[in-house]
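Q: My file is final_13.json. It has JSON, C-alpha atoms and all ligand atoms:
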```
[["chain", "number", "residue", "atom", "x", "y", "z"],
["I", 1, "MET", "CA", 16.04, 9.71, -21.55],
["I", 2, "GLY", "CA", 15.85, 6.74, -19.24],
["I", 3, "LYS", "CA", 17.70, 3.45, -19.48],
["I", 4, "ILE", "CA", 15.67, 0.40, -20.37],
["I", 5, "ILE", "CA", 15.75, -2.42, -17.84],
["I", 6, "ASP", "CA", 16.08, -5.55, -19.95],
["I", 7, "GLY", "CA", 13.92, -8.13, -18.17],
["I", 8, "LYS", "CA", 14.32, -10.59, -21.00],
["I", 9, "ALA", "CA", 18.12, -10.64, -20.68],
["I", 10, "LEU", "CA", 18.04, -10.77, -16.87],
["I", 11, "GLY", "CA", 15.41, -13.53, -17.00],
["I", 12, "LEU", "CA", 17.55, -15.51, -19.43],
["I", 13, "SER", "CA", 20.65, -15.27, -17.24],
["I", 14, "ILE", "CA", 18.66, -16.48, -14.22],
["I", 15, "ARG", "CA", 17.29, -19.32, -16.33],
["I", 16, "GLU", "CA", 20.86, -20.35, -17.24],
["I", 17, "GLU", "CA", 21.72, -20.63, -13.53],
["I", 18, "ILE", "CA", 18.55, -22.63, -12.90],
["I", 19, "LYS", "CA", 19.38, -24.94, -15.81],
["I", 20, "GLN", "CA", 22.72, -25.78, -14.17],
["I", 21, "SER", "CA", 21.15, -26.41, -10.77],
["I", 22, "VAL", "CA", 18.48, -28.63, -12.35],
["I", 23, "LYS", "CA", 21.24, -30.68, -14.00],
["I", 24, "GLU", "CA", 22.92, -31.17, -10.61],
["I", 25, "LEU", "CA", 19.64, -32.23, -9.00],
["I", 26, "LYS", "CA", 18.99, -34.71, -11.78],
["I", 27, "LEU", "CA", 22.38, -36.29, -11.09],
["I", 28, "LYS", "CA", 21.06, -36.94, -7.58],
["I", 29, "GLY", "CA", 17.99, -38.59, -9.08],
["I", 30, "ILE", "CA", 15.54, -35.73, -8.55],
["I", 31, "ILE", "CA", 13.54, -34.28, -11.42],
["I", 32, "PRO", "CA", 11.91, -31.01, -10.36],
["I", 33, "LYS", "CA", 8.26, -31.01, -11.38],
["I", 34, "LEU", "CA", 5.58, -28.33, -11.63],
["I", 35, "VAL", "CA", 1.88, -29.06, -12.06],
["I", 36, "VAL", "CA", -0.31, -26.28, -13.45],
["I", 37, "VAL", "CA", -4.09, -26.34, -13.10],
["I", 38, "LEU", "CA", -5.95, -24.28, -15.70],
["I", 39, "VAL", "CA", -9.73, -23.93, -15.62],
["I", 40, "GLY", "CA", -11.74, -22.60, -18.56],
["I", 41, "ASN", "CA", -10.51, -21.03, -21.78],
["I", 42, "ASP", "CA", -9.51, -17.50, -20.90],
["I", 43, "SER", "CA", -7.08, -16.60, -23.67],
["I", 44, "ALA", "CA", -4.72, -14.53, -21.47],
["I", 45, "SER", "CA", -4.48, -17.40, -18.96],
["I", 46, "GLN", "CA", -3.77, -19.84, -21.78],
["I", 47, "VAL", "CA", -0.86, -17.66, -22.94],
["I", 48, "TYR", "CA", 0.52, -17.36, -19.39],
["I", 49, "VAL", "CA", 0.30, -21.12, -18.87],
["I", 50, "ARG", "CA", 1.95, -21.88, -22.20],
["I", 51, "ASN", "CA", 4.82, -19.55, -21.26],
["I", 52, "LYS", "CA", 5.19, -21.33, -17.92],
["I", 53, "GLU", "CA", 5.32, -24.71, -19.67],
["I", 54, "LYS", "CA", 7.90, -23.43, -22.16],
["I", 55, "GLY", "CA", 9.99, -21.99, -19.33],
["I", 56, "CYS", "CA", 9.99, -25.35, -17.53],
["I", 57, "LEU", "CA", 10.96, -27.24, -20.67],
["I", 58, "ASP", "CA", 13.79, -24.82, -21.35],
["I", 59, "VAL", "CA", 15.50, -25.36, -17.96],
["I", 60, "GLY", "CA", 14.76, -29.09, -17.67],
["I", 61, "ILE", "CA", 11.93, -28.86, -15.14],
["I", 62, "GLU", "CA", 9.16, -31.36, -15.81],
["I", 63, "SER", "CA", 5.74, -29.78, -16.20],
["I", 64, "GLN", "CA", 2.24, -31.12, -16.45],
["I", 65, "THR", "CA", -0.91, -29.11, -17.10],
["I", 66, "TYR", "CA", -4.45, -30.11, -16.21],
["I", 67, "ASN", "CA", -6.88, -28.15, -18.37],
["I", 68, "PHE", "CA", -10.47, -28.36, -17.12],
["I", 69, "PRO", "CA", -13.68, -26.95, -18.61],
["I", 70, "SER", "CA", -15.09, -23.94, -16.74],
["I", 71, "ASN", "CA", -17.99, -25.98, -15.34],
["I", 72, "ILE", "CA", -15.70, -28.26, -13.30],
["I", 73, "LYS", "CA", -16.90, -28.69, -9.71],
["I", 74, "GLU", "CA", -14.88, -27.13, -6.91],
["I", 75, "LYS", "CA", -14.80, -30.52, -5.19],
["I", 76, "GLU", "CA", -13.11, -32.13, -8.19],
["I", 77, "LEU", "CA", -10.38, -29.48, -8.19],
["I", 78, "ILE", "CA", -9.81, -30.02, -4.48],
["I", 79, "VAL", "CA", -9.55, -33.80, -4.93],
["I", 80, "LEU", "CA", -6.89, -33.27, -7.61],
["I", 81, "ILE", "CA", -4.95, -30.80, -5.43],
["I", 82, "GLU", "CA", -4.97, -33.27, -2.53],
["I", 83, "LYS", "CA", -3.66, -35.98, -4.83],
["I", 84, "LEU", "CA", -0.86, -33.66, -6.02],
["I", 85, "ASN", "CA", -0.05, -32.68, -2.41],
["I", 86, "SER", "CA", 0.72, -36.27, -1.55],
["I", 87, "ASP", "CA", 2.62, -37.04, -4.78],
["I", 88, "LYS", "CA", 6.34, -36.93, -3.87],
["I", 89, "ALA", "CA", 7.31, -36.43, -7.52],
["I", 90, "VAL", "CA", 5.48, -33.06, -7.59],
["I", 91, "HIS", "CA", 7.37, -30.06, -6.16],
["I", 92, "GLY", "CA", 5.10, -27.22, -7.20],
["I", 93, "VAL", "CA", 1.33, -26.86, -7.64],
["I", 94, "LEU", "CA", 0.01, -23.74, -9.35],
["I", 95, "VAL", "CA", -3.65, -22.93, -9.95],
["I", 96, "GLN", "CA", -3.86, -20.33, -12.71],
["I", 97, "LEU", "CA", -6.04, -17.36, -11.73],
["I", 98, "PRO", "CA", -8.70, -16.15, -12.21],
["I", 99, "LEU", "CA", -10.94, -19.16, -11.59],
["I", 100, "PRO", "CA", -14.57, -19.09, -12.80],
["I", 101, "LYS", "CA", -16.70, -17.06, -10.36],
["I", 102, "GLU", "CA", -18.68, -20.13, -9.26],
["I", 103, "ILE", "CA", -15.51, -21.53, -7.70],
["I", 104, "ASP", "CA", -14.26, -20.23, -4.35],
["I", 105, "GLU", "CA", -10.72, -19.19, -5.25],
["I", 106, "LYS", "CA", -9.61, -18.71, -1.64],
["I", 107, "LYS", "CA", -10.85, -22.15, -0.66],
["I", 108, "VAL", "CA", -9.08, -23.82, -3.60],
["I", 109, "LEU", "CA", -5.79, -22.01, -2.93],
["I", 110, "SER", "CA", -5.97, -22.93, 0.75],
["I", 111, "LYS", "CA", -5.90, -26.62, -0.22],
["I", 112, "ILE", "CA", -2.46, -26.41, -1.82],
["I", 113, "LEU", "CA", 0.20, -27.61, 0.61],
["I", 114, "PRO", "CA", 2.19, -24.46, 1.62],
["I", 115, "GLU", "CA", 5.38, -26.44, 0.86],
["I", 116, "LYS", "CA", 4.25, -26.78, -2.80],
["I", 117, "ASP", "CA", 2.67, -23.33, -3.16],
["I", 118, "VAL", "CA", 5.19, -21.98, -5.69],
["I", 119, "ASP", "CA", 2.95, -18.97, -6.43],
["I", 120, "GLY", "CA", 3.08, -17.94, -2.75],
["I", 121, "PHE", "CA", -0.69, -17.33, -2.65],
["I", 122, "HIS", "CA", -1.59, -19.74, 0.19],
["I", 123, "ILE", "CA", -2.78, -17.83, 3.23],
["I", 124, "GLU", "CA", 0.13, -19.20, 5.28],
["I", 125, "ASN", "CA", 2.74, -17.92, 2.81],
["I", 126, "ILE", "CA", 1.12, -14.59, 1.98],
["I", 127, "GLY", "CA", 0.27, -14.11, 5.67],
["I", 128, "LYS", "CA", 3.91, -14.56, 6.64],
["I", 129, "LEU", "CA", 4.91, -11.95, 4.06],
["I", 130, "PHE", "CA", 2.45, -9.48, 5.60],
["I", 131, "ARG", "CA", 3.69, -10.25, 9.12],
["I", 132, "GLY", "CA", 7.35, -9.71, 8.21],
["I", 133, "GLU", "CA", 8.23, -13.40, 8.51],
["I", 134, "THR", "CA", 9.94, -15.33, 5.73],
["I", 135, "PRO", "CA", 7.40, -17.29, 3.67],
["I", 136, "LEU", "CA", 8.37, -20.51, 1.91],
["I", 137, "PHE", "CA", 7.53, -18.86, -1.42],
["I", 138, "LEU", "CA", 7.08, -15.27, -2.58],
["I", 139, "PRO", "CA", 4.58, -14.34, -5.32],
["I", 140, "CYS", "CA", 6.56, -14.53, -8.57],
["I", 141, "THR", "CA", 5.81, -11.14, -10.13],
["I", 142, "PRO", "CA", 6.68, -8.97, -7.10],
["I", 143, "ARG", "CA", 9.78, -11.12, -6.50],
["I", 144, "GLY", "CA", 10.85, -10.59, -10.12],
["I", 145, "ILE", "CA", 10.27, -6.85, -9.81],
["I", 146, "MET", "CA", 12.55, -6.65, -6.77],
["I", 147, "GLU", "CA", 15.26, -8.30, -8.90],
["I", 148, "LEU", "CA", 14.68, -5.80, -11.71],
["I", 149, "ILE", "CA", 15.03, -2.88, -9.27],
["I", 150, "LEU", "CA", 18.13, -4.48, -7.71],
["I", 151, "SER", "CA", 19.68, -4.73, -11.19],
["I", 152, "THR", "CA", 19.71, -0.92, -11.47],
["I", 153, "GLY", "CA", 22.12, -0.76, -8.53],
["I", 154, "ILE", "CA", 19.99, 1.97, -6.92],
["I", 155, "SER", "CA", 19.36, 1.61, -3.19],
["I", 156, "LEU", "CA", 15.73, 1.53, -2.07],
["I", 157, "GLU", "CA", 16.53, 2.72, 1.44],
["I", 158, "GLY", "CA", 14.13, 5.52, 2.42],
["I", 159, "LYS", "CA", 12.78, 5.96, -1.11],
["I", 160, "GLU", "CA", 9.19, 6.91, -1.95],
["I", 161, "ALA", "CA", 7.57, 3.94, -3.70],
["I", 162, "VAL", "CA", 4.17, 4.17, -5.33],
["I", 163, "VAL", "CA", 2.32, 0.99, -6.25],
["I", 164, "VAL", "CA", -0.59, 1.49, -8.63],
["I", 165, "GLY", "CA", -2.98, -1.46, -8.23],
["I", 166, "ARG", "CA", -4.10, -3.45, -5.22],
["I", 167, "SER", "CA", -4.42, -7.05, -6.44],
["I", 168, "ASN", "CA", -3.53, -9.99, -4.22],
["I", 169, "ILE", "CA", -1.21, -11.24, -6.98],
["I", 170, "VAL", "CA", 0.87, -8.09, -7.50],
["I", 171, "GLY", "CA", -0.11, -4.81, -5.79],
["I", 172, "LYS", "CA", -0.47, -5.93, -2.18],
["I", 173, "PRO", "CA", 2.55, -8.28, -1.97],
["I", 174, "MET", "CA", 4.62, -5.72, -3.93],
["I", 175, "ALA", "CA", 3.83, -3.08, -1.31],
["I", 176, "MET", "CA", 5.00, -5.45, 1.44],
["I", 177, "LEU", "CA", 8.32, -6.22, -0.31],
["I", 178, "LEU", "CA", 9.01, -2.51, -0.85],
["I", 179, "LEU", "CA", 8.14, -1.83, 2.79],
["I", 180, "ASP", "CA", 10.57, -4.58, 3.84],
["I", 181, "ALA", "CA", 13.20, -2.80, 1.74],
["I", 182, "ASN", "CA", 12.61, 0.35, 3.83],
["I", 183, "CYS", "CA", 10.68, 2.32, 1.23],
["I", 184, "THR", "CA", 7.87, 4.68, 2.17],
["I", 185, "VAL", "CA", 5.06, 2.97, 0.33],
["I", 186, "THR", "CA", 1.85, 4.39, -1.11],
["I", 187, "VAL", "CA", -0.72, 2.10, -2.70],
["I", 188, "CYS", "CA", -3.13, 3.75, -5.11],
["I", 189, "HIS", "CA", -5.58, 2.34, -7.64],
["I", 190, "SER", "CA", -8.19, 3.05, -10.29],
["I", 191, "ARG", "CA", -10.43, 4.92, -7.80],
["I", 192, "THR", "CA", -7.66, 7.15, -6.43],
["I", 193, "LYS", "CA", -8.81, 10.75, -6.83],
["I", 194, "ASP", "CA", -5.73, 12.55, -8.14],
["I", 195, "LEU", "CA", -3.64, 9.68, -9.42],
["I", 196, "GLY", "CA", -1.10, 11.98, -11.07],
["I", 197, "MET", "CA", -0.41, 13.82, -7.83],
["I", 198, "VAL", "CA", 0.18, 10.56, -5.95],
["I", 199, "VAL", "CA", 2.28, 8.86, -8.64],
["I", 200, "ARG", "CA", 4.50, 11.97, -8.99],
["I", 201, "ARG", "CA", 5.75, 11.31, -5.45],
["I", 202, "GLY", "CA", 7.33, 8.05, -6.52],
["I", 203, "ASP", "CA", 11.08, 7.54, -6.76],
["I", 204, "VAL", "CA", 9.90, 4.06, -7.69],
["I", 205, "VAL", "CA", 6.60, 3.48, -9.49],
["I", 206, "VAL", "CA", 5.13, 0.01, -10.00],
["I", 207, "ALA", "CA", 2.14, 0.08, -12.33],
["I", 208, "ALA", "CA", -0.09, -2.99, -11.98],
["I", 209, "VAL", "CA", -3.57, -1.66, -12.54],
["I", 210, "GLY", "CA", -4.56, -3.28, -15.84],
["I", 211, "GLN", "CA", -5.43, -0.11, -17.77],
["I", 212, "ALA", "CA", -3.53, 0.58, -20.95],
["I", 213, "ARG", "CA", -1.19, 3.60, -20.77],
["I", 214, "LEU", "CA", -2.94, 5.00, -17.67],
["I", 215, "ILE", "CA", 0.36, 6.29, -16.30],
["I", 216, "SER", "CA", 1.59, 9.08, -18.52],
["I", 217, "GLY", "CA", 4.97, 10.82, -18.55],
["I", 218, "ASP", "CA", 3.59, 13.89, -16.77],
["I", 219, "MET", "CA", 2.83, 11.65, -13.75],
["I", 220, "ILE", "CA", 6.45, 10.51, -13.50],
["I", 221, "LYS", "CA", 8.98, 12.23, -11.26],
["I", 222, "GLN", "CA", 12.27, 13.09, -12.99],
["I", 223, "GLY", "CA", 14.76, 10.27, -12.38],
["I", 224, "ALA", "CA", 12.24, 7.68, -11.16],
["I", 225, "ILE", "CA", 12.45, 3.91, -11.63],
["I", 226, "VAL", "CA", 9.32, 2.85, -13.53],
["I", 227, "ILE", "CA", 8.17, -0.76, -13.55],
["I", 228, "ASP", "CA", 5.30, -1.68, -15.85],
["I", 229, "VAL", "CA", 3.38, -4.86, -15.01],
["I", 230, "GLY", "CA", 0.55, -4.17, -17.49],
["I", 231, "MET", "CA", -0.35, -6.74, -20.15],
["I", 232, "ASN", "CA", -3.13, -5.04, -22.08],
["I", 233, "ARG", "CA", -4.08, -5.91, -25.64],
["I", 234, "ILE", "CA", -4.96, -3.03, -27.92],
["I", 235, "ASP", "CA", -5.77, -3.98, -31.53],
["I", 236, "GLY", "CA", -3.91, -7.24, -30.93],
["I", 237, "LYS", "CA", -0.78, -5.41, -29.73],
["I", 238, "LEU", "CA", 0.55, -5.89, -26.20],
["I", 239, "CYS", "CA", 0.81, -2.66, -24.26],
["I", 240, "GLY", "CA", 1.57, -1.78, -20.66],
["I", 241, "ASP", "CA", -0.10, 0.36, -17.98],
["I", 242, "VAL", "CA", 2.54, 3.03, -18.61],
["I", 243, "ASP", "CA", 2.71, 5.28, -21.63],
["I", 244, "PHE", "CA", 6.26, 4.19, -22.42],
["I", 245, "ASP", "CA", 7.24, 6.92, -24.90],
["I", 246, "SER", "CA", 6.40, 9.84, -22.62],
["I", 247, "ALA", "CA", 7.45, 8.10, -19.37],
["I", 248, "LYS", "CA", 10.91, 7.16, -20.64],
["I", 249, "GLU", "CA", 11.70, 10.86, -21.11],
["I", 250, "LYS", "CA", 11.34, 11.39, -17.36],
["I", 251, "ALA", "CA", 12.43, 8.06, -15.87],
["I", 252, "ALA", "CA", 16.01, 7.11, -15.02],
["I", 253, "TYR", "CA", 15.09, 3.45, -15.57],
["I", 254, "ILE", "CA", 12.02, 1.92, -17.17],
["I", 255, "THR", "CA", 10.83, -1.58, -18.10],
["I", 256, "PRO", "CA", 9.38, -2.23, -21.57],
["I", 257, "VAL", "CA", 6.28, -4.29, -22.38],
["I", 258, "PRO", "CA", 6.91, -6.93, -23.55],
["I", 259, "GLY", "CA", 10.40, -7.85, -22.33],
["I", 260, "GLY", "CA", 10.30, -6.35, -18.85],
["I", 261, "VAL", "CA", 8.37, -7.91, -15.99],
["I", 262, "GLY", "CA", 6.88, -10.91, -17.85],
["I", 263, "PRO", "CA", 10.12, -12.87, -18.38],
["I", 264, "MET", "CA", 11.10, -12.25, -14.75],
["I", 265, "THR", "CA", 7.82, -13.67, -13.46],
["I", 266, "ILE", "CA", 8.53, -16.91, -15.30],
["I", 267, "ALA", "CA", 12.16, -16.98, -14.14],
["I", 268, "MET", "CA", 11.05, -16.57, -10.50],
["I", 269, "LEU", "CA", 8.48, -19.34, -10.86],
["I", 270, "LEU", "CA", 11.17, -21.70, -12.15],
["I", 271, "LYS", "CA", 13.42, -20.64, -9.27],
["I", 272, "SER", "CA", 10.64, -21.40, -6.78],
["I", 273, "VAL", "CA", 10.10, -24.88, -8.25],
["I", 274, "LEU", "CA", 13.83, -25.53, -8.04],
["I", 275, "GLU", "CA", 13.97, -24.32, -4.43],
["I", 276, "SER", "CA", 11.03, -26.53, -3.58],
["I", 277, "ALA", "CA", 12.73, -29.58, -5.11],
["I", 278, "ASN", "CA", 15.91, -28.78, -3.17],
["I", 279, "ARG", "CA", 13.98, -28.45, 0.08],
["I", 280, "GLY", "CA", 12.18, -31.69, -0.61],
["I", 281, "MET", "CA", 15.52, -33.44, -1.03],
["I", 282, "ILE", "CA", 16.78, -32.14, 2.30],
["I", 283, "ALA", "CA", 13.54, -33.14, 4.03],
["I", 284, "GLY", "CA", 13.78, -36.58, 2.39],
["C", 1, "LIG", "N1", -2.87, -14.88, -13.12],
["C", 1, "LIG", "C1", -2.19, -13.75, -13.43],
["C", 1, "LIG", "N2", -0.94, -13.81, -12.89],
["C", 1, "LIG", "C2", -0.86, -14.97, -12.23],
["C", 1, "LIG", "C3", 0.16, -15.60, -11.47],
["C", 1, "LIG", "O1", 1.27, -15.09, -11.29],
["C", 1, "LIG", "N3", -0.14, -16.82, -10.97],
["C", 1, "LIG", "C4", -1.35, -17.41, -11.16],
["C", 1, "LIG", "N4", -1.57, -18.58, -10.60],
["C", 1, "LIG", "N5", -2.31, -16.85, -11.84],
["C", 1, "LIG", "C5", -2.08, -15.65, -12.38]]
```
Let's see the structure in the file written out as structure tokens.
A:
Amino acid sequence: MGKIIDGKALGLSIREEIKQSVKELKLKGIIPKLVVVLVGNDSASQVYVRNKEKGCLDVGIESQTYNFPSNIKEKELIVLIEKLNSDKAVHGVLVQLPLPKEIDEKKVLSKILPEKDVDGFHIENIGKLFRGETPLFLPCTPRGIMELILSTGISLEGKEAVVVGRSNIVGKPMAMLLLDANCTVTVCHSRTKDLGMVVRRGDVVVAAVGQARLISGDMIKQGAIVIDVGMNRIDGKLCGDVDFDSAKEKAAYITPVPGGVGPMTIAMLLKSVLESANRGMIAG
């Protein structure tokens, strides 16, 4: 039976370090600040944003949320982003996704100054990641997952990694980070023909496909590291993309839902805001 990777505990220890660094920055007169832009009333997004606000409060980062109705005009969002870009007191700007379909998500994200793009979704940051250059910010979930894998002490060198899901937020940047770590990477998704056959190759499996318990234990190679990014609600209960009970019998290490990837995503976001504030101080 596999060991459980405790993302909550790891996230908390990272948050403690951040708390200390924030204190030191405050002594120098800098209060790190994140601004979150939330459009509409998607309940999952509201939960994510609330958790981000709570995370900020906990480590002493100032946070402000703009909550707009779903019929807000793209232009209005862009005007706000431009205002935040030029506000020296703001170190991170995050537009919660998804945006309503009437709004051009790519256009809105492209307006965030890359130096304040703590989500790492601006084309300049994500483009650098894909070109093997160092971006100013990495997307928070894949960055957190690399920390979770690192915490197992297992080397990724030459390993087979299988990413299930191809989103811009998780799947694609995750594949790039695993490639940078010298894994042989396969990206599969909901349309992959024989998903089980592909996933069984994985020494590392990252499930980020958004389908409850799609990845069953019989798809897991003995001794694999299994990372579950899924946040699916079934009868009000949170459940992952991996069938935890059967997968943990095969895996060497596995993340639970909740308490695995989620807390690490928040911890990495806080870290990015802190790094941005530090950079801002150096740049004056
Ligand atoms: N929606 C789901 N995950 C994320 C995330 O990490 N950042 C943003 N901005 N939106 C999301």
Q: I'd like the contact shell of Arg200 of chain I - 9 Å cut-off, only C-alpha atoms, skipping same-chain residues fewer than 2 positions apart - returned as a list in words.
A: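 The residues that qualify are Val162, Leu195, Gly196, Met197, Val198, Gly202, Asp203, Val205, Asp218, Met219, Ile220, Lys221 and Gln222 of chain I.
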Q: Please find the residues contacting ligand LIG 1 (chain C) at a distance of at most 6 Å between atoms, with all atoms listed in the file counted, and report them as a PyMOL selection string.
A: chain I and resi 94-97+119+140
Q: For atom CA of Gly11 of chain I and atom CA of Gly259 of chain I, quote the distance in Å rounded to one decimal.
A: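 Atom-to-atom, atom CA of Gly11 of chain I and atom CA of Gly259 of chain I are spaced 9.3 Å apart.
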Q: Identify which of the residues I:Asp235, I:Glu17, I:Asp58, I:Glu124 lies closest to Lys106 of chain I, counting all atoms listed in the file when measuring atom-to-atom distances.
A: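 Answer, going by the shortest atom-to-atom distance: I:Glu124.
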Q: Tell me which of I:Val229, I:Leu274, I:Cys239, I:Leu138 sits closest to Gln20 of chain I, counting all atoms listed in the file.
A: I:Leu274
Q: Compile the contact shell of Gln211 of chain I as a ChimeraX atom specification: residues with an atom at most 7 Å away, counting all atoms listed in the file, same-chain residues fewer than 2 positions apart removed.
A: /I:209,213-214,232,241
Q: When you draw a straight line from atom CA of Met174 of chain I to atom CA of Thr134 of chain I, how long is it in Å?
A: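 Those two atoms sit 14.6 Å apart.
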Q: Counting only C-alpha atoms, what is within 10 Å of segment 34-44 of chain I, bar same-chain residues fewer than 2 positions away, as a ChimeraX atom specification?
A: /I:31-32,46-50,52-53,56,61-72,77,80-81,84,89-100,116,118,231-233,269-270,272-274,276-277
Q: Here is a test: counting only C-alpha atoms, which residue of I:Leu148, I:Val187, I:Ile154, I:Pro173 is nearest to Pro135 of chain I?
A: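 Closest to Pro135 of chain I, using only C-alpha atoms: I:Pro173.
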Q: Between I:Ile112, I:Val59, I:Glu102, I:Gly236, which is the closest to Asn85 of chain I once you count only C-alpha atoms?
A: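 So, comparing all the options, the nearest one is I:Ile112.
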Q: Report, in Å to a single decimal, how far apart atom CA of Met176 of chain I and atom CA of Ala161 of chain I are.
A: 11.0 Å
Q: Pick the closest to Leu177 of chain I from I:Met264, I:Leu113, I:Ile145, I:Ala208: which is it, counting all atoms listed in the file?
A: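 Among the listed residues, the smallest separation from Leu177 of chain I belongs to I:Ile145.
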Q: Closest to Gly210 of chain I among I:Ile5, I:Ile227, I:Cys188, I:Val242, using all atoms listed in the file?
A: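 Result for the nearest residue to Gly210 of chain I: I:Val242.
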Q: Mind checking which residues fall within 12 Å of Phe244 of chain I, counting all atoms listed in the file, ignoring those fewer than 6 positions away in the same chain, and posting them as JSON, numbers by chain?
A: {"I": [1, 2, 3, 4, 207, 212, 213, 214, 215, 216, 217, 218, 219, 220, 226, 227, 228, 230, 250, 251, 253, 254, 255, 256, 257, 258, 260]}
Q: Excluding same-chain residues fewer than 3 positions from Lys111 of chain I, what lies within 8 Å of it counting all atoms listed in the file, as a PyMOL selection string?
A: chain I and resi 78+81-82+107-108
